[in-house]
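Structure below is target16.pdb: PDB, N, CA and C atoms.
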```pdb
ATOM      1  N   MET Y   1     -15.275 -75.086 -35.527
ATOM      2  CA  MET Y   1     -16.564 -75.348 -34.945
ATOM      3  C   MET Y   1     -16.503 -75.272 -33.414
ATOM      4  N   ASN Y   2     -15.484 -75.898 -32.820
ATOM      5  CA  ASN Y   2     -15.332 -75.870 -31.370
ATOM      6  C   ASN Y   2     -15.071 -74.459 -30.872
ATOM      7  N   THR Y   3     -14.314 -73.685 -31.643
ATOM      8  CA  THR Y   3     -14.007 -72.311 -31.256
ATOM      9  C   THR Y   3     -15.280 -71.468 -31.240
ATOM     10  N   LEU Y   4     -16.131 -71.667 -32.241
ATOM     11  CA  LEU Y   4     -17.392 -70.928 -32.311
ATOM     12  C   LEU Y   4     -18.280 -71.283 -31.123
ATOM     13  N   PHE Y   5     -18.359 -72.559 -30.814
ATOM     14  CA  PHE Y   5     -19.160 -72.991 -29.670
ATOM     15  C   PHE Y   5     -18.629 -72.400 -28.371
ATOM     16  N   LEU Y   6     -17.320 -72.415 -28.213
ATOM     17  CA  LEU Y   6     -16.697 -71.865 -27.016
ATOM     18  C   LEU Y   6     -16.972 -70.364 -26.899
ATOM     19  N   LEU Y   7     -16.870 -69.668 -28.016
ATOM     20  CA  LEU Y   7     -17.132 -68.233 -28.024
ATOM     21  C   LEU Y   7     -18.583 -67.931 -27.644
ATOM     22  N   LEU Y   8     -19.516 -68.692 -28.199
ATOM     23  CA  LEU Y   8     -20.930 -68.506 -27.862
ATOM     24  C   LEU Y   8     -21.194 -68.823 -26.387
ATOM     25  N   ALA Y   9     -20.545 -69.846 -25.879
ATOM     26  CA  ALA Y   9     -20.707 -70.197 -24.470
ATOM     27  C   ALA Y   9     -20.167 -69.090 -23.572
ATOM     28  N   LEU Y  10     -19.026 -68.527 -23.939
ATOM     29  CA  LEU Y  10     -18.462 -67.423 -23.160
ATOM     30  C   LEU Y  10     -19.359 -66.195 -23.203
ATOM     31  N   LEU Y  11     -19.898 -65.876 -24.366
ATOM     32  CA  LEU Y  11     -20.809 -64.731 -24.486
ATOM     33  C   LEU Y  11     -22.070 -64.938 -23.654
ATOM     34  N   ALA Y  12     -22.611 -66.152 -23.697
ATOM     35  CA  ALA Y  12     -23.812 -66.450 -22.916
ATOM     36  C   ALA Y  12     -23.517 -66.340 -21.422
ATOM     37  N   THR Y  13     -22.370 -66.841 -21.004
ATOM     38  CA  THR Y  13     -21.990 -66.763 -19.588
ATOM     39  C   THR Y  13     -21.798 -65.313 -19.156
ATOM     40  N   ALA Y  14     -21.113 -64.525 -19.977
ATOM     41  CA  ALA Y  14     -20.900 -63.117 -19.657
ATOM     42  C   ALA Y  14     -22.225 -62.376 -19.577
ATOM     43  N   SER Y  15     -23.130 -62.694 -20.476
ATOM     44  CA  SER Y  15     -24.453 -62.050 -20.464
ATOM     45  C   SER Y  15     -25.220 -62.416 -19.201
ATOM     46  N   TRP Y  16     -25.171 -63.683 -18.821
ATOM     47  CA  TRP Y  16     -25.869 -64.123 -17.616
ATOM     48  C   TRP Y  16     -25.291 -63.448 -16.370
ATOM     49  N   ILE Y  17     -23.976 -63.370 -16.285
ATOM     50  CA  ILE Y  17     -23.324 -62.732 -15.137
ATOM     51  C   ILE Y  17     -23.692 -61.252 -15.073
ATOM     52  N   THR Y  18     -23.656 -60.589 -16.231
ATOM     53  CA  THR Y  18     -23.997 -59.166 -16.280
ATOM     54  C   THR Y  18     -25.425 -58.919 -15.827
ATOM     55  N   SER Y  19     -26.350 -59.729 -16.313
ATOM     56  CA  SER Y  19     -27.744 -59.533 -15.920
ATOM     57  C   SER Y  19     -27.946 -59.825 -14.439
ATOM     58  N   SER Y  20     -27.258 -60.833 -13.916
ATOM     59  CA  SER Y  20     -27.376 -61.151 -12.489
ATOM     60  C   SER Y  20     -26.853 -60.007 -11.624
ATOM     61  N   VAL Y  21     -25.708 -59.473 -12.008
ATOM     62  CA  VAL Y  21     -25.122 -58.363 -11.254
ATOM     63  C   VAL Y  21     -26.024 -57.138 -11.339
ATOM     64  N   THR Y  22     -26.563 -56.862 -12.522
ATOM     65  CA  THR Y  22     -27.451 -55.716 -12.697
ATOM     66  C   THR Y  22     -28.691 -55.840 -11.820
ATOM     67  N   LEU Y  23     -29.288 -57.020 -11.800
ATOM     68  CA  LEU Y  23     -30.471 -57.233 -10.952
ATOM     69  C   LEU Y  23     -30.138 -57.046  -9.478
ATOM     70  N   ARG Y  24     -28.994 -57.556  -9.055
ATOM     71  CA  ARG Y  24     -28.580 -57.421  -7.654
ATOM     72  C   ARG Y  24     -28.349 -55.954  -7.298
ATOM     73  N   MET Y  25     -27.705 -55.210  -8.205
ATOM     74  CA  MET Y  25     -27.445 -53.790  -7.953
ATOM     75  C   MET Y  25     -28.753 -53.004  -7.849
ATOM     76  N   LYS Y  26     -29.713 -53.307  -8.712
ATOM     77  CA  LYS Y  26     -31.001 -52.618  -8.648
ATOM     78  C   LYS Y  26     -31.712 -52.909  -7.334
ATOM     79  N   ALA Y  27     -31.636 -54.158  -6.886
ATOM     80  CA  ALA Y  27     -32.251 -54.520  -5.603
ATOM     81  C   ALA Y  27     -31.581 -53.768  -4.459
ATOM     82  N   LEU Y  28     -30.259 -53.665  -4.491
ATOM     83  CA  LEU Y  28     -29.543 -52.935  -3.447
ATOM     84  C   LEU Y  28     -29.863 -51.443  -3.484
ATOM     85  N   GLU Y  29     -30.010 -50.880  -4.685
ATOM     86  CA  GLU Y  29     -30.371 -49.464  -4.806
ATOM     87  C   GLU Y  29     -31.756 -49.216  -4.211
ATOM     88  N   ARG Y  30     -32.710 -50.107  -4.510
ATOM     89  CA  ARG Y  30     -34.059 -49.950  -3.943
ATOM     90  C   ARG Y  30     -34.015 -50.037  -2.422
ATOM     91  N   ARG Y  31     -33.248 -50.985  -1.913
ATOM     92  CA  ARG Y  31     -33.132 -51.144  -0.448
ATOM     93  C   ARG Y  31     -32.501 -49.901   0.170
ATOM     94  N   SER Y  32     -31.470 -49.391  -0.452
ATOM     95  CA  SER Y  32     -30.800 -48.186   0.038
ATOM     96  C   SER Y  32     -31.763 -46.997   0.054
ATOM     97  N   GLU Y  33     -32.551 -46.848  -1.005
ATOM     98  CA  GLU Y  33     -33.519 -45.746  -1.060
ATOM     99  C   GLU Y  33     -34.551 -45.869   0.053
ATOM    100  N   ARG Y  34     -35.035 -47.110   0.306
ATOM    101  CA  ARG Y  34     -35.998 -47.314   1.393
ATOM    102  C   ARG Y  34     -35.390 -46.961   2.747
ATOM    103  N   LEU Y  35     -34.139 -47.383   2.961
ATOM    104  CA  LEU Y  35     -33.473 -47.087   4.229
ATOM    105  C   LEU Y  35     -33.251 -45.586   4.402
ATOM    106  N   GLU Y  36     -32.867 -44.903   3.330
ATOM    107  CA  GLU Y  36     -32.680 -43.456   3.411
ATOM    108  C   GLU Y  36     -34.000 -42.751   3.722
ATOM    109  N   ARG Y  37     -35.085 -43.226   3.109
ATOM    110  CA  ARG Y  37     -36.399 -42.641   3.387
ATOM    111  C   ARG Y  37     -36.774 -42.840   4.849
ATOM    112  N   ARG Y  38     -36.552 -44.042   5.356
ATOM    113  CA  ARG Y  38     -36.877 -44.330   6.752
ATOM    114  C   ARG Y  38     -36.022 -43.490   7.702
ATOM    115  N   LEU Y  39     -34.751 -43.374   7.391
ATOM    116  CA  LEU Y  39     -33.878 -42.559   8.225
ATOM    117  C   LEU Y  39     -34.344 -41.108   8.220
ATOM    118  N   GLY Y  40     -34.733 -40.605   7.057
ATOM    119  CA  GLY Y  40     -35.256 -39.244   6.971
ATOM    120  C   GLY Y  40     -36.494 -39.055   7.837
ATOM    121  N   LEU Y  41     -37.372 -40.033   7.805
ATOM    122  CA  LEU Y  41     -38.582 -39.957   8.643
ATOM    123  C   LEU Y  41     -38.235 -39.959  10.127
ATOM    124  N   LEU Y  42     -37.279 -40.803  10.516
ATOM    125  CA  LEU Y  42     -36.862 -40.829  11.923
ATOM    126  C   LEU Y  42     -36.238 -39.496  12.350
ATOM    127  N   LEU Y  43     -35.370 -38.956  11.514
ATOM    128  CA  LEU Y  43     -34.745 -37.673  11.842
ATOM    129  C   LEU Y  43     -35.804 -36.580  11.976
ATOM    130  N   ASP Y  44     -36.764 -36.566  11.041
ATOM    131  CA  ASP Y  44     -37.847 -35.576  11.122
ATOM    132  C   ASP Y  44     -38.678 -35.760  12.377
ATOM    133  N   HIS Y  45     -39.011 -37.008  12.692
ATOM    134  CA  HIS Y  45     -39.848 -37.298  13.855
ATOM    135  C   HIS Y  45     -39.198 -36.823  15.150
ATOM    136  N   PHE Y  46     -37.907 -37.028  15.272
ATOM    137  CA  PHE Y  46     -37.209 -36.640  16.485
ATOM    138  C   PHE Y  46     -36.639 -35.224  16.424
ATOM    139  N   GLY Y  47     -36.901 -34.524  15.329
ATOM    140  CA  GLY Y  47     -36.443 -33.143  15.204
ATOM    141  C   GLY Y  47     -34.936 -33.000  15.094
ATOM    142  N   ILE Y  48     -34.296 -34.005  14.540
ATOM    143  CA  ILE Y  48     -32.846 -33.971  14.404
ATOM    144  C   ILE Y  48     -32.491 -33.472  13.007
ATOM    145  N   GLU Y  49     -31.639 -32.470  12.963
ATOM    146  CA  GLU Y  49     -31.179 -31.974  11.668
ATOM    147  C   GLU Y  49     -29.820 -32.576  11.365
ATOM    148  N   GLU Y  50     -29.647 -32.955  10.122
ATOM    149  CA  GLU Y  50     -28.368 -33.531   9.707
ATOM    150  C   GLU Y  50     -27.299 -32.456   9.775
ATOM    151  N   PRO Y  51     -26.170 -32.756  10.407
ATOM    152  CA  PRO Y  51     -25.130 -31.731  10.526
ATOM    153  C   PRO Y  51     -24.489 -31.425   9.170
ATOM    154  N   GLU Y  52     -24.018 -30.193   9.034
ATOM    155  CA  GLU Y  52     -23.321 -29.813   7.807
ATOM    156  C   GLU Y  52     -21.980 -30.520   7.746
ATOM    157  N   PRO Y  53     -21.560 -30.873   6.562
ATOM    158  CA  PRO Y  53     -20.224 -31.475   6.457
ATOM    159  C   PRO Y  53     -19.150 -30.460   6.824
ATOM    160  N   ALA Y  54     -18.091 -30.927   7.460
ATOM    161  CA  ALA Y  54     -16.975 -30.042   7.794
ATOM    162  C   ALA Y  54     -16.360 -29.533   6.499
ATOM    163  N   GLY Y  55     -16.032 -28.275   6.463
ATOM    164  CA  GLY Y  55     -15.412 -27.697   5.272
ATOM    165  C   GLY Y  55     -16.374 -26.950   4.379
ATOM    166  N   LEU Y  56     -17.645 -26.891   4.763
ATOM    167  CA  LEU Y  56     -18.629 -26.200   3.930
ATOM    168  C   LEU Y  56     -18.381 -24.699   3.885
ATOM    169  N   ASP Y  57     -17.715 -24.161   4.902
ATOM    170  CA  ASP Y  57     -17.376 -22.734   4.887
ATOM    171  C   ASP Y  57     -16.441 -22.416   3.721
ATOM    172  N   GLU Y  58     -15.537 -23.334   3.435
ATOM    173  CA  GLU Y  58     -14.626 -23.144   2.296
ATOM    174  C   GLU Y  58     -15.417 -23.110   0.990
ATOM    175  N   VAL Y  59     -16.411 -23.976   0.871
ATOM    176  CA  VAL Y  59     -17.253 -24.006  -0.326
ATOM    177  C   VAL Y  59     -18.013 -22.690  -0.458
ATOM    178  N   ARG Y  60     -18.571 -22.213   0.651
ATOM    179  CA  ARG Y  60     -19.304 -20.937   0.616
ATOM    180  C   ARG Y  60     -18.388 -19.778   0.196
ATOM    181  N   ALA Y  61     -17.162 -19.782   0.700
ATOM    182  CA  ALA Y  61     -16.216 -18.722   0.338
ATOM    183  C   ALA Y  61     -15.912 -18.766  -1.157
ATOM    184  N   LEU Y  62     -15.740 -19.949  -1.696
ATOM    185  CA  LEU Y  62     -15.483 -20.080  -3.129
ATOM    186  C   LEU Y  62     -16.683 -19.603  -3.949
ATOM    187  N   VAL Y  63     -17.877 -19.921  -3.474
ATOM    188  CA  VAL Y  63     -19.093 -19.464  -4.169
ATOM    189  C   VAL Y  63     -19.165 -17.943  -4.142
ATOM    190  N   ARG Y  64     -18.879 -17.337  -2.984
ATOM    191  CA  ARG Y  64     -18.906 -15.874  -2.882
ATOM    192  C   ARG Y  64     -17.909 -15.224  -3.837
ATOM    193  N   ASP Y  65     -16.773 -15.896  -4.038
ATOM    194  CA  ASP Y  65     -15.745 -15.365  -4.934
ATOM    195  C   ASP Y  65     -16.040 -15.667  -6.403
ATOM    196  N   GLY Y  66     -17.151 -16.338  -6.675
ATOM    197  CA  GLY Y  66     -17.518 -16.654  -8.052
ATOM    198  C   GLY Y  66     -16.739 -17.825  -8.629
ATOM    199  N   ARG Y  67     -16.139 -18.634  -7.782
ATOM    200  CA  ARG Y  67     -15.329 -19.776  -8.229
ATOM    201  C   ARG Y  67     -16.142 -21.064  -8.076
ATOM    202  N   THR Y  68     -17.207 -21.142  -8.879
ATOM    203  CA  THR Y  68     -18.178 -22.221  -8.766
ATOM    204  C   THR Y  68     -17.572 -23.593  -9.034
ATOM    205  N   VAL Y  69     -16.770 -23.715 -10.078
ATOM    206  CA  VAL Y  69     -16.186 -25.015 -10.421
ATOM    207  C   VAL Y  69     -15.310 -25.526  -9.279
ATOM    208  N   GLU Y  70     -14.510 -24.653  -8.707
ATOM    209  CA  GLU Y  70     -13.663 -25.046  -7.578
ATOM    210  C   GLU Y  70     -14.522 -25.413  -6.367
ATOM    211  N   ALA Y  71     -15.616 -24.670  -6.173
ATOM    212  CA  ALA Y  71     -16.526 -24.967  -5.063
ATOM    213  C   ALA Y  71     -17.117 -26.367  -5.221
ATOM    214  N   ILE Y  72     -17.467 -26.725  -6.437
ATOM    215  CA  ILE Y  72     -18.020 -28.061  -6.698
ATOM    216  C   ILE Y  72     -16.968 -29.129  -6.404
ATOM    217  N   LYS Y  73     -15.740 -28.883  -6.830
ATOM    218  CA  LYS Y  73     -14.664 -29.849  -6.570
ATOM    219  C   LYS Y  73     -14.441 -30.039  -5.071
ATOM    220  N   VAL Y  74     -14.424 -28.941  -4.333
ATOM    221  CA  VAL Y  74     -14.214 -29.034  -2.880
ATOM    222  C   VAL Y  74     -15.395 -29.746  -2.231
ATOM    223  N   TYR Y  75     -16.616 -29.421  -2.656
ATOM    224  CA  TYR Y  75     -17.804 -30.066  -2.107
ATOM    225  C   TYR Y  75     -17.727 -31.577  -2.322
ATOM    226  N   ARG Y  76     -17.323 -31.975  -3.524
ATOM    227  CA  ARG Y  76     -17.196 -33.405  -3.816
ATOM    228  C   ARG Y  76     -16.149 -34.051  -2.925
ATOM    229  N   ARG Y  77     -15.038 -33.360  -2.716
ATOM    230  CA  ARG Y  77     -13.955 -33.913  -1.906
ATOM    231  C   ARG Y  77     -14.393 -34.098  -0.455
ATOM    232  N   ILE Y  78     -15.101 -33.114   0.101
ATOM    233  CA  ILE Y  78     -15.447 -33.200   1.527
ATOM    234  C   ILE Y  78     -16.663 -34.074   1.806
ATOM    235  N   THR Y  79     -17.527 -34.258   0.800
ATOM    236  CA  THR Y  79     -18.745 -35.034   1.046
ATOM    237  C   THR Y  79     -18.759 -36.390   0.357
ATOM    238  N   GLY Y  80     -17.930 -36.548  -0.666
ATOM    239  CA  GLY Y  80     -17.972 -37.787  -1.442
ATOM    240  C   GLY Y  80     -19.137 -37.835  -2.406
ATOM    241  N   ALA Y  81     -19.778 -36.681  -2.636
ATOM    242  CA  ALA Y  81     -20.935 -36.612  -3.526
ATOM    243  C   ALA Y  81     -20.507 -36.763  -4.974
ATOM    244  N   GLY Y  82     -21.446 -37.163  -5.790
ATOM    245  CA  GLY Y  82     -21.220 -37.231  -7.225
ATOM    246  C   GLY Y  82     -21.258 -35.835  -7.819
ATOM    247  N   LEU Y  83     -20.927 -35.752  -9.097
ATOM    248  CA  LEU Y  83     -20.853 -34.460  -9.762
ATOM    249  C   LEU Y  83     -22.194 -33.732  -9.765
ATOM    250  N   LEU Y  84     -23.259 -34.419 -10.137
ATOM    251  CA  LEU Y  84     -24.572 -33.772 -10.205
ATOM    252  C   LEU Y  84     -25.037 -33.300  -8.831
ATOM    253  N   GLU Y  85     -24.894 -34.156  -7.826
ATOM    254  CA  GLU Y  85     -25.306 -33.790  -6.467
ATOM    255  C   GLU Y  85     -24.514 -32.586  -5.966
ATOM    256  N   ALA Y  86     -23.210 -32.574  -6.230
ATOM    257  CA  ALA Y  86     -22.361 -31.461  -5.791
ATOM    258  C   ALA Y  86     -22.750 -30.174  -6.513
ATOM    259  N   LYS Y  87     -23.009 -30.267  -7.801
ATOM    260  CA  LYS Y  87     -23.408 -29.087  -8.579
ATOM    261  C   LYS Y  87     -24.712 -28.506  -8.036
ATOM    262  N   GLN Y  88     -25.673 -29.375  -7.761
ATOM    263  CA  GLN Y  88     -26.954 -28.923  -7.225
ATOM    264  C   GLN Y  88     -26.789 -28.292  -5.841
ATOM    265  N   ALA Y  89     -25.938 -28.876  -5.024
ATOM    266  CA  ALA Y  89     -25.716 -28.338  -3.678
ATOM    267  C   ALA Y  89     -25.054 -26.967  -3.750
ATOM    268  N   VAL Y  90     -24.065 -26.821  -4.621
ATOM    269  CA  VAL Y  90     -23.381 -25.532  -4.760
ATOM    270  C   VAL Y  90     -24.330 -24.492  -5.344
ATOM    271  N   GLU Y  91     -25.152 -24.894  -6.290
ATOM    272  CA  GLU Y  91     -26.139 -23.964  -6.847
ATOM    273  C   GLU Y  91     -27.132 -23.519  -5.771
ATOM    274  N   ALA Y  92     -27.501 -24.435  -4.874
ATOM    275  CA  ALA Y  92     -28.403 -24.087  -3.773
ATOM    276  C   ALA Y  92     -27.733 -23.081  -2.837
ATOM    277  N   LEU Y  93     -26.426 -23.206  -2.637
ATOM    278  CA  LEU Y  93     -25.712 -22.240  -1.809
ATOM    279  C   LEU Y  93     -25.671 -20.875  -2.483
ATOM    280  N   THR Y  94     -25.624 -20.867  -3.798
ATOM    281  CA  THR Y  94     -25.603 -19.620  -4.562
ATOM    282  C   THR Y  94     -26.915 -18.872  -4.376
ATOM    283  N   GLU Y  95     -28.017 -19.613  -4.280
ATOM    284  CA  GLU Y  95     -29.340 -19.000  -4.155
ATOM    285  C   GLU Y  95     -29.589 -18.411  -2.778
ATOM    286  N   VAL Y  96     -28.856 -18.866  -1.787
ATOM    287  CA  VAL Y  96     -29.081 -18.415  -0.399
ATOM    288  C   VAL Y  96     -28.576 -17.022  -0.195
TER     289      VAL Y  96
END
```
Translate this structure into structure tokens?
Amino acid sequence: MNTLFLLLALLATASWITSSVTLRMKALERRSERLERRLGLLLDHFGIEEPEPAGLDEVRALVRDGRTVEAIKVYRRITGAGLLEAKQAVEALTEV
């Protein structure tokens, strides 16, 4: 009986912690999105273009050679982007 109670208490605690962390992460994501939007507006207002990451020439060369997967890997390494973002960026370079 005590073991069952302890197990239920642990599950309830884990659930509460998980939900608290999830709510905090969502709040931080919303804040980050707002800050990125504001930064974009400031850059546009002042006519500042975001500089290209160093090493993008290597990515372009890989794209020209038809080595898309390697280009995505290099893009991720130099920018820290996620897989989807890197794939989209490399595909955009292919279209240029």
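When the PyMOL selection byres ((chain Y and resi 75) around 8) is evaluated against the file, it yields Gly55, Leu56, Glu58, Val59, Val69, Glu70, Ala71, Ile72, Lys73, Val74, Arg76, Arg77, Ile78, Thr79, Gly80, Ala81, Gly82, Glu85, Ala86, Lys87 and Val90 of chain Y.
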Output N, CA and C atoms for every residue in that selection, as a PDB file, in the frame of the given file.
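Final file, again.pdb:
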```
ATOM      1  N   GLY Y  55     -16.032 -28.275   6.463  1.00  0.00           N
ATOM      2  CA  GLY Y  55     -15.412 -27.697   5.272  1.00  0.00           C
ATOM      3  C   GLY Y  55     -16.374 -26.950   4.379  1.00  0.00           C
ATOM      4  N   LEU Y  56     -17.645 -26.891   4.763  1.00  0.00           N
ATOM      5  CA  LEU Y  56     -18.629 -26.200   3.930  1.00  0.00           C
ATOM      6  C   LEU Y  56     -18.381 -24.699   3.885  1.00  0.00           C
ATOM      7  N   GLU Y  58     -15.537 -23.334   3.435  1.00  0.00           N
ATOM      8  CA  GLU Y  58     -14.626 -23.144   2.296  1.00  0.00           C
ATOM      9  C   GLU Y  58     -15.417 -23.110   0.990  1.00  0.00           C
ATOM     10  N   VAL Y  59     -16.411 -23.976   0.871  1.00  0.00           N
ATOM     11  CA  VAL Y  59     -17.253 -24.006  -0.326  1.00  0.00           C
ATOM     12  C   VAL Y  59     -18.013 -22.690  -0.458  1.00  0.00           C
ATOM     13  N   VAL Y  69     -16.770 -23.715 -10.078  1.00  0.00           N
ATOM     14  CA  VAL Y  69     -16.186 -25.015 -10.421  1.00  0.00           C
ATOM     15  C   VAL Y  69     -15.310 -25.526  -9.279  1.00  0.00           C
ATOM     16  N   GLU Y  70     -14.510 -24.653  -8.707  1.00  0.00           N
ATOM     17  CA  GLU Y  70     -13.663 -25.046  -7.578  1.00  0.00           C
ATOM     18  C   GLU Y  70     -14.522 -25.413  -6.367  1.00  0.00           C
ATOM     19  N   ALA Y  71     -15.616 -24.670  -6.173  1.00  0.00           N
ATOM     20  CA  ALA Y  71     -16.526 -24.967  -5.063  1.00  0.00           C
ATOM     21  C   ALA Y  71     -17.117 -26.367  -5.221  1.00  0.00           C
ATOM     22  N   ILE Y  72     -17.467 -26.725  -6.437  1.00  0.00           N
ATOM     23  CA  ILE Y  72     -18.020 -28.061  -6.698  1.00  0.00           C
ATOM     24  C   ILE Y  72     -16.968 -29.129  -6.404  1.00  0.00           C
ATOM     25  N   LYS Y  73     -15.740 -28.883  -6.830  1.00  0.00           N
ATOM     26  CA  LYS Y  73     -14.664 -29.849  -6.570  1.00  0.00           C
ATOM     27  C   LYS Y  73     -14.441 -30.039  -5.071  1.00  0.00           C
ATOM     28  N   VAL Y  74     -14.424 -28.941  -4.333  1.00  0.00           N
ATOM     29  CA  VAL Y  74     -14.214 -29.034  -2.880  1.00  0.00           C
ATOM     30  C   VAL Y  74     -15.395 -29.746  -2.231  1.00  0.00           C
ATOM     31  N   ARG Y  76     -17.323 -31.975  -3.524  1.00  0.00           N
ATOM     32  CA  ARG Y  76     -17.196 -33.405  -3.816  1.00  0.00           C
ATOM     33  C   ARG Y  76     -16.149 -34.051  -2.925  1.00  0.00           C
ATOM     34  N   ARG Y  77     -15.038 -33.360  -2.716  1.00  0.00           N
ATOM     35  CA  ARG Y  77     -13.955 -33.913  -1.906  1.00  0.00           C
ATOM     36  C   ARG Y  77     -14.393 -34.098  -0.455  1.00  0.00           C
ATOM     37  N   ILE Y  78     -15.101 -33.114   0.101  1.00  0.00           N
ATOM     38  CA  ILE Y  78     -15.447 -33.200   1.527  1.00  0.00           C
ATOM     39  C   ILE Y  78     -16.663 -34.074   1.806  1.00  0.00           C
ATOM     40  N   THR Y  79     -17.527 -34.258   0.800  1.00  0.00           N
ATOM     41  CA  THR Y  79     -18.745 -35.034   1.046  1.00  0.00           C
ATOM     42  C   THR Y  79     -18.759 -36.390   0.357  1.00  0.00           C
ATOM     43  N   GLY Y  80     -17.930 -36.548  -0.666  1.00  0.00           N
ATOM     44  CA  GLY Y  80     -17.972 -37.787  -1.442  1.00  0.00           C
ATOM     45  C   GLY Y  80     -19.137 -37.835  -2.406  1.00  0.00           C
ATOM     46  N   ALA Y  81     -19.778 -36.681  -2.636  1.00  0.00           N
ATOM     47  CA  ALA Y  81     -20.935 -36.612  -3.526  1.00  0.00           C
ATOM     48  C   ALA Y  81     -20.507 -36.763  -4.974  1.00  0.00           C
ATOM     49  N   GLY Y  82     -21.446 -37.163  -5.790  1.00  0.00           N
ATOM     50  CA  GLY Y  82     -21.220 -37.231  -7.225  1.00  0.00           C
ATOM     51  C   GLY Y  82     -21.258 -35.835  -7.819  1.00  0.00           C
ATOM     52  N   GLU Y  85     -24.894 -34.156  -7.826  1.00  0.00           N
ATOM     53  CA  GLU Y  85     -25.306 -33.790  -6.467  1.00  0.00           C
ATOM     54  C   GLU Y  85     -24.514 -32.586  -5.966  1.00  0.00           C
ATOM     55  N   ALA Y  86     -23.210 -32.574  -6.230  1.00  0.00           N
ATOM     56  CA  ALA Y  86     -22.361 -31.461  -5.791  1.00  0.00           C
ATOM     57  C   ALA Y  86     -22.750 -30.174  -6.513  1.00  0.00           C
ATOM     58  N   LYS Y  87     -23.009 -30.267  -7.801  1.00  0.00           N
ATOM     59  CA  LYS Y  87     -23.408 -29.087  -8.579  1.00  0.00           C
ATOM     60  C   LYS Y  87     -24.712 -28.506  -8.036  1.00  0.00           C
ATOM     61  N   VAL Y  90     -24.065 -26.821  -4.621  1.00  0.00           N
ATOM     62  CA  VAL Y  90     -23.381 -25.532  -4.760  1.00  0.00           C
ATOM     63  C   VAL Y  90     -24.330 -24.492  -5.344  1.00  0.00           C
TER      64      VAL Y  90
END
```
Check your understanding: Please, what distance in Å, to one decimal, runs between atom C of Y:Val63 and atom N of Y:Glu50?
Key -> 23.2 Å
Practice item. Run DSSP on the backbone and give me the residues of stretch 18-85 of chain Y it puts in helix (DSSP H, G or I), as an NGL selection string. Key: :Y and (18-45 or 56-64 or 68-79 or 83-85)
C-alpha atoms of stretch 1-42 of chain Y, written as a short mmCIF file (atom, residue, chain, number, x, y, z; two decimals), in the first residue's frame:
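result.cif was written with the following content:
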```cif
data_model
loop_
_atom_site.label_atom_id
_atom_site.label_comp_id
_atom_site.auth_asym_id
_atom_site.auth_seq_id
_atom_site.Cartn_x
_atom_site.Cartn_y
_atom_site.Cartn_z
CA MET Y 1 0.00 0.00 0.00
CA ASN Y 2 2.79 2.44 0.92
CA THR Y 3 4.67 1.57 -2.26
CA LEU Y 4 1.60 2.32 -4.38
CA PHE Y 5 1.10 5.65 -2.65
CA LEU Y 6 4.76 6.54 -3.11
CA LEU Y 7 4.62 5.61 -6.79
CA LEU Y 8 1.50 7.75 -7.33
CA ALA Y 9 3.12 10.65 -5.50
CA LEU Y 10 6.23 10.38 -7.67
CA LEU Y 11 4.15 10.25 -10.85
CA ALA Y 12 2.14 13.29 -9.76
CA THR Y 13 5.32 15.20 -8.93
CA ALA Y 14 6.93 14.28 -12.25
CA SER Y 15 3.79 15.35 -14.09
CA TRP Y 16 3.69 18.68 -12.26
CA ILE Y 17 7.38 19.35 -12.97
CA THR Y 18 6.95 18.45 -16.64
CA SER Y 19 3.97 20.73 -17.08
CA SER Y 20 5.74 23.58 -15.28
CA VAL Y 21 8.82 23.24 -17.46
CA THR Y 22 6.68 23.01 -20.61
CA LEU Y 23 4.79 26.19 -19.71
CA ARG Y 24 8.04 28.02 -18.99
CA MET Y 25 9.57 26.89 -22.30
CA LYS Y 26 6.50 28.05 -24.24
CA ALA Y 27 6.68 31.44 -22.53
CA LEU Y 28 10.37 31.74 -23.40
CA GLU Y 29 9.68 30.74 -27.02
CA ARG Y 30 6.99 33.43 -27.31
CA ARG Y 31 9.34 36.02 -25.80
CA SER Y 32 12.13 34.98 -28.16
CA GLU Y 33 9.81 35.27 -31.18
CA ARG Y 34 8.72 38.77 -30.09
CA LEU Y 35 12.34 39.85 -29.65
CA GLU Y 36 13.31 38.45 -33.05
CA ARG Y 37 10.39 40.30 -34.65
CA ARG Y 38 11.41 43.54 -32.97
CA LEU Y 39 15.03 43.10 -33.99
CA GLY Y 40 13.91 42.48 -37.57
CA LEU Y 41 11.89 45.69 -37.53
CA LEU Y 42 14.85 47.66 -36.17
#
```
